[in-house]
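Enquirer: Contents of my_file25.cif (mmCIF, C-alpha atoms and all ligand atoms) are given next:
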```
data_target
loop_
_atom_site.label_atom_id
_atom_site.label_comp_id
_atom_site.auth_asym_id
_atom_site.auth_seq_id
_atom_site.Cartn_x
_atom_site.Cartn_y
_atom_site.Cartn_z
CA MET A 2 0.00 0.00 0.00
CA SER A 3 1.45 3.36 -1.02
CA LYS A 4 2.02 5.89 1.74
CA ILE A 5 1.02 9.49 1.13
CA LEU A 6 1.90 12.51 3.23
CA ILE A 7 -0.43 15.51 3.13
CA VAL A 8 1.05 18.78 4.42
CA GLU A 9 -1.94 21.11 4.68
CA ASP A 10 -2.97 23.61 7.36
CA GLU A 11 -6.64 23.72 6.40
CA GLU A 12 -7.91 20.67 8.23
CA ALA A 13 -11.17 20.32 6.29
CA ILE A 14 -9.26 20.17 3.01
CA ALA A 15 -6.72 17.76 4.42
CA GLU A 16 -9.46 15.44 5.71
CA LEU A 17 -11.29 15.50 2.40
CA GLU A 18 -8.12 14.61 0.49
CA LYS A 19 -7.40 11.87 3.01
CA ASP A 20 -10.89 10.35 2.65
CA TYR A 21 -10.63 10.15 -1.11
CA LEU A 22 -7.13 8.74 -1.06
CA GLU A 23 -8.07 6.13 1.54
CA LEU A 24 -11.04 5.09 -0.58
CA ASN A 25 -8.45 4.37 -3.25
CA ASP A 26 -6.39 2.21 -0.88
CA PHE A 27 -3.69 4.70 -0.01
CA GLU A 28 -2.29 5.02 3.50
CA VAL A 29 -2.44 8.68 4.47
CA THR A 30 -0.67 10.81 7.08
CA ILE A 31 -1.62 14.45 7.65
CA GLU A 32 0.67 17.16 9.02
CA ASN A 33 -0.88 20.57 9.64
CA SER A 34 2.23 22.77 9.82
CA GLY A 35 5.32 23.35 7.75
CA ASP A 36 7.70 22.27 10.47
CA THR A 37 6.03 18.97 11.30
CA GLY A 38 5.43 18.36 7.59
CA LEU A 39 9.09 18.75 6.72
CA ALA A 40 10.17 16.62 9.68
CA ALA A 41 7.79 13.83 8.64
CA ALA A 42 8.85 14.04 4.99
CA LEU A 43 12.51 13.64 5.91
CA SER A 44 12.16 11.01 8.62
CA GLU A 45 9.69 8.59 7.02
CA ASN A 46 9.55 6.94 3.64
CA PHE A 47 6.51 8.27 1.86
CA ASP A 48 5.71 7.31 -1.72
CA LEU A 49 4.30 10.73 -2.55
CA ILE A 50 3.87 14.09 -0.83
CA ILE A 51 0.97 16.51 -1.33
CA LEU A 52 2.31 19.87 -0.27
CA ASP A 53 0.33 23.03 0.32
CA LEU A 54 2.18 26.24 -0.43
CA MET A 55 1.03 28.63 2.29
CA LEU A 56 1.65 27.05 5.68
CA PRO A 57 2.32 28.24 9.19
CA GLY A 58 6.03 27.88 9.96
CA ILE A 59 8.19 26.87 7.01
CA ASP A 60 6.32 27.45 3.73
CA GLY A 61 5.85 25.05 0.84
CA PHE A 62 8.64 26.60 -1.25
CA GLU A 63 11.22 25.89 1.42
CA ILE A 64 9.85 22.45 2.26
CA CYS A 65 9.95 21.42 -1.40
CA LYS A 66 13.54 22.60 -1.71
CA ARG A 67 14.63 20.83 1.47
CA ILE A 68 12.93 17.54 0.54
CA ARG A 69 14.58 17.65 -2.91
CA GLU A 70 18.03 18.02 -1.38
CA ASP A 71 17.46 14.68 0.29
CA ARG A 72 14.86 12.63 -1.59
CA ASN A 73 13.41 11.78 -4.99
CA VAL A 74 9.86 11.21 -3.73
CA PRO A 75 7.20 12.71 -6.07
CA ILE A 76 5.89 16.06 -4.77
CA LEU A 77 2.51 17.45 -5.78
CA MET A 78 2.19 21.10 -4.83
CA VAL A 79 -1.15 22.76 -4.24
CA SER A 80 -2.00 26.41 -3.88
CA ALA A 81 -5.05 28.63 -3.76
CA LYS A 82 -3.43 31.13 -6.09
CA LYS A 83 -2.80 30.54 -9.75
CA ASP A 84 -0.02 33.15 -9.59
CA ASP A 85 1.79 31.14 -6.96
CA ILE A 86 1.72 28.06 -9.12
CA ASP A 87 3.38 30.03 -11.92
CA LYS A 88 5.93 31.26 -9.43
CA ILE A 89 6.75 27.74 -8.20
CA ARG A 90 7.18 26.50 -11.75
CA GLY A 91 9.47 29.43 -12.43
CA LEU A 92 11.62 28.67 -9.41
CA GLY A 93 12.28 25.12 -10.53
CA LEU A 94 12.12 23.72 -7.03
CA GLY A 95 11.70 20.21 -8.30
CA ALA A 96 8.01 19.66 -7.65
CA ASP A 97 6.53 17.05 -9.99
CA ASP A 98 3.09 18.57 -10.40
CA TYR A 99 0.91 21.51 -9.39
CA LEU A 100 -2.77 21.84 -8.57
CA THR A 101 -4.75 25.03 -8.04
CA LYS A 102 -7.38 25.01 -5.30
CA PRO A 103 -10.18 24.27 -5.47
CA PHE A 104 -9.66 20.98 -7.30
CA SER A 105 -11.89 17.95 -7.39
CA PRO A 106 -10.80 15.08 -5.15
CA SER A 107 -11.04 12.68 -8.09
CA GLU A 108 -8.57 14.81 -10.03
CA LEU A 109 -6.21 14.69 -7.08
CA VAL A 110 -6.49 10.90 -6.91
CA ALA A 111 -5.91 10.59 -10.66
CA ARG A 112 -2.76 12.74 -10.46
CA VAL A 113 -1.47 10.82 -7.45
CA LYS A 114 -1.91 7.52 -9.27
CA ALA A 115 -0.24 8.84 -12.41
CA HIS A 116 2.79 10.08 -10.50
CA LEU A 117 3.18 6.91 -8.49
CA ALA A 118 3.05 4.84 -11.67
CA ARG A 119 5.58 7.08 -13.39
CA TYR A 120 7.89 7.00 -10.39
CA GLU A 121 7.69 3.24 -10.13
CA ARG A 122 8.66 2.87 -13.80
CA LEU A 123 11.56 5.25 -13.25
CA VAL A 124 12.83 3.37 -10.21
CA LYS A 125 12.51 0.01 -11.98
CA SER A 126 14.45 1.19 -14.99
CA HIS A 127 17.26 2.34 -12.69
CA THR A 128 17.37 -0.77 -10.55
CA LYS A 129 20.14 -3.00 -11.78
CA GLU A 130 20.24 -6.63 -10.87
CA ASN A 131 22.82 -7.53 -8.29
CA ASP A 132 26.12 -8.91 -9.47
CA VAL A 133 26.13 -12.50 -8.27
CA VAL A 134 28.70 -15.33 -8.44
CA GLU A 135 27.21 -18.78 -7.98
CA ILE A 136 29.18 -21.99 -7.68
CA ARG A 137 27.83 -25.31 -6.37
CA GLY A 138 25.68 -24.12 -3.49
CA ILE A 139 27.70 -20.99 -2.79
CA ARG A 140 26.07 -17.73 -3.76
CA ILE A 141 28.12 -14.56 -3.50
CA ASP A 142 26.13 -11.38 -3.94
CA LYS A 143 28.87 -8.90 -4.81
CA THR A 144 26.54 -5.91 -4.84
CA ALA A 145 25.13 -6.55 -1.36
CA ARG A 146 28.38 -8.19 -0.16
CA ARG A 147 26.50 -11.18 1.24
CA VAL A 148 27.35 -14.85 1.06
CA PHE A 149 24.91 -17.76 1.19
CA VAL A 150 26.00 -21.36 1.62
CA ASN A 151 23.24 -23.77 0.61
CA GLY A 152 20.74 -20.99 1.18
CA GLU A 153 22.04 -20.04 4.60
CA GLU A 154 23.70 -16.66 5.04
CA LYS A 155 27.21 -16.62 6.52
CA GLN A 156 29.02 -13.60 7.91
CA PHE A 157 32.35 -12.67 6.37
CA THR A 158 34.85 -9.98 7.23
CA THR A 159 35.80 -7.59 4.42
CA LYS A 160 39.02 -9.39 3.54
CA GLU A 161 37.49 -12.86 3.84
CA PHE A 162 34.76 -11.72 1.47
CA ASP A 163 37.25 -10.23 -1.00
CA LEU A 164 39.45 -13.31 -0.92
CA LEU A 165 36.56 -15.75 -1.40
CA THR A 166 35.11 -13.65 -4.21
CA PHE A 167 38.44 -13.37 -5.98
CA LEU A 168 39.03 -17.13 -5.87
CA ALA A 169 35.44 -17.96 -6.87
CA GLU A 170 35.62 -15.56 -9.82
CA ASN A 171 38.84 -17.16 -11.00
CA PRO A 172 38.15 -20.87 -10.57
CA ASN A 173 40.60 -23.59 -11.55
CA HIS A 174 43.48 -21.19 -11.31
CA VAL A 175 46.19 -21.82 -8.73
CA TYR A 176 47.32 -18.72 -6.89
CA THR A 177 50.32 -18.53 -4.60
CA LYS A 178 49.88 -16.99 -1.16
CA ALA A 179 52.05 -14.07 -2.28
CA GLU A 180 49.78 -13.45 -5.29
CA LEU A 181 46.67 -13.58 -3.16
CA PHE A 182 48.21 -11.28 -0.59
CA ARG A 183 49.08 -8.72 -3.26
CA GLU A 184 45.64 -9.03 -4.81
CA ILE A 185 43.56 -8.63 -1.65
CA TRP A 186 45.64 -6.60 0.76
CA ASP A 187 47.07 -3.16 0.21
CA MET A 188 50.79 -3.08 -0.41
CA ASP A 189 51.38 -1.11 2.77
CA SER A 190 49.12 -3.18 5.01
CA ILE A 191 50.56 -4.78 8.06
CA GLY A 192 50.94 -8.52 7.87
CA ASP A 193 52.47 -11.05 5.59
CA ILE A 194 51.48 -13.97 3.45
CA ALA A 195 50.66 -16.02 6.56
CA THR A 196 47.59 -13.78 6.77
CA VAL A 197 46.34 -15.53 3.63
CA THR A 198 46.53 -18.92 5.34
CA VAL A 199 44.60 -17.63 8.33
CA HIS A 200 41.88 -16.17 6.11
CA ILE A 201 41.58 -19.32 4.01
CA LYS A 202 41.07 -21.28 7.24
CA LYS A 203 38.32 -18.91 8.38
CA ILE A 204 36.59 -19.02 5.00
CA ARG A 205 36.68 -22.83 4.97
CA GLU A 206 35.06 -22.95 8.40
CA LYS A 207 32.13 -21.06 6.89
CA ILE A 208 31.74 -22.73 3.52
CA GLU A 209 33.02 -26.28 3.92
CA THR A 210 31.08 -29.15 5.46
CA ASP A 211 34.34 -30.85 6.44
CA THR A 212 37.33 -28.50 6.62
CA SER A 213 39.75 -31.45 6.51
CA LYS A 214 38.36 -32.37 3.07
CA PRO A 215 37.70 -29.02 1.37
CA GLN A 216 35.28 -29.19 -1.54
CA TYR A 217 35.71 -25.60 -2.66
CA ILE A 218 39.11 -24.14 -1.89
CA GLU A 219 41.83 -26.73 -2.43
CA THR A 220 45.33 -26.49 -1.07
CA ILE A 221 47.93 -27.17 -3.71
CA TRP A 222 50.89 -28.18 -1.57
CA GLY A 223 53.97 -26.11 -2.06
CA VAL A 224 52.15 -23.72 -4.41
CA GLY A 225 48.96 -22.15 -3.07
CA TYR A 226 45.21 -22.39 -3.44
CA ARG A 227 42.65 -23.10 -6.12
CA PHE A 228 38.88 -22.76 -6.19
CA LYS A 229 37.42 -25.96 -7.61
CA VAL A 230 34.43 -25.91 -9.91
CA CA A 301 -2.50 26.85 3.37
#
```
Show me this structure written as structure tokens.
Ligand code: CA

Expert:
Amino acid sequence: MSKILIVEDEEAIAELEKDYLELNDFEVTIENSGDTGLAAALSENFDLIILDLMLPGIDGFEICKRIREDRNVPILMVSAKKDDIDKIRGLGLGADDYLTKPFSPSELVARVKAHLARYERLVKSHTKENDVVEIRGIRIDKTARRVFVNGEEKQFTTKEFDLLTFLAENPNHVYTKAELFREIWDMDSIGDIATVTVHIKKIREKIETDTSKPQYIETIWGVGYRFKV
């Protein structure tokens, strides 16, 4: 259910808008002053904001500007004066739409629906799928930096995660400890190639069923490690 914030000091108008929106299955919150309206807009995740221009406290111009500095939520500005609407457009505050009072509640609902649909399309087109490496029951979500072993999430430190990901992305390739150390750790970091051994041990404890018989990261004696596929 989409959440709508109405910032409107005239309570009768706010209630009327709320009734119509609720009839259309929206969840509605009303704030009657500029200050509480801005605070609500910045602290909660609303799907759309209906913002009156003239308000006690901070006015709609300022609220719109402040919300835009922080969020992409669609903003529908309403005002009793046609002149003000022209002024807001001219200022380029980033409002998505404008309505002059009085407007019919059904027009408001239609505009709200149109903007939510447009916004949803926009968000979808910008959402990229996560970059995932998957090998025999191990799923490494590189974007979210999460690792799942047979569906169960395991916690990895930054370097453990980097090392596992590097090996899994380069399977069947034997790397020496020195190569892995150079690849994963900064040149000036404290530690030595023994760090690699310690990290491999920790990773195995999380991904292997039996660490004495590793199924994923093999030790190639005298050389280094290899991720088996
Ligand atoms: Ca007002």

Enquirer: Which neighbours of A:Ile89 fall inside 10 Å, counting all atoms listed in the file, when residues of the same chain fewer than 2 positions from it are skipped, and could you give them as a short mmCIF file (atom, residue, chain, number, x, y, z; two decimals) with C-alpha atoms, in the coordinates of the input?

Expert:
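This went into result-v7.cif:
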```
data_model
loop_
_atom_site.label_atom_id
_atom_site.label_comp_id
_atom_site.auth_asym_id
_atom_site.auth_seq_id
_atom_site.Cartn_x
_atom_site.Cartn_y
_atom_site.Cartn_z
CA LEU A 54 2.18 26.24 -0.43
CA GLY A 61 5.85 25.05 0.84
CA PHE A 62 8.64 26.60 -1.25
CA CYS A 65 9.95 21.42 -1.40
CA MET A 78 2.19 21.10 -4.83
CA SER A 80 -2.00 26.41 -3.88
CA ASP A 84 -0.02 33.15 -9.59
CA ASP A 85 1.79 31.14 -6.96
CA ILE A 86 1.72 28.06 -9.12
CA ASP A 87 3.38 30.03 -11.92
CA GLY A 91 9.47 29.43 -12.43
CA LEU A 92 11.62 28.67 -9.41
CA GLY A 93 12.28 25.12 -10.53
CA LEU A 94 12.12 23.72 -7.03
CA GLY A 95 11.70 20.21 -8.30
CA ALA A 96 8.01 19.66 -7.65
CA TYR A 99 0.91 21.51 -9.39
#
```

Enquirer: Write as a PyMOL selection string the residues around ligand CA 301 (chain A), taking 10 Å as the cut-off and counting only C-alpha atoms and all ligand atoms.

Expert: chain A and resi 8-12+14+33-35+52-57+60-61+79-81

Enquirer: Let me make sure I understand: among A:Phe228, A:Asp142, A:Ile218, A:Leu43, which one has the smallest atom-to-atom distance to A:Asn171 if we use all atoms listed in the file?

Expert: A:Phe228

Enquirer: Using only C-alpha atoms, pick whichever of A:Ala169, A:Ala118, A:Ile76, A:Ala15 has the shortest atom-to-atom distance to A:Ala42.

Expert: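 Of the candidates, the smallest distance to A:Ala42 is held by A:Ile76.
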
Enquirer: Taking into account all atoms listed in the file, which residue in the set A:Ile68, A:Val230, A:Ser107, A:Asn73 is nearest to A:Glu135?

Expert: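 The answer is A:Val230, which sits nearest to A:Glu135.
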
Enquirer: Quick check, in Å to one decimal: how far apart do atom CA of A:Leu49 and atom CA of A:Arg69 lie?

Expert: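 Those two atoms sit 12.4 Å apart.
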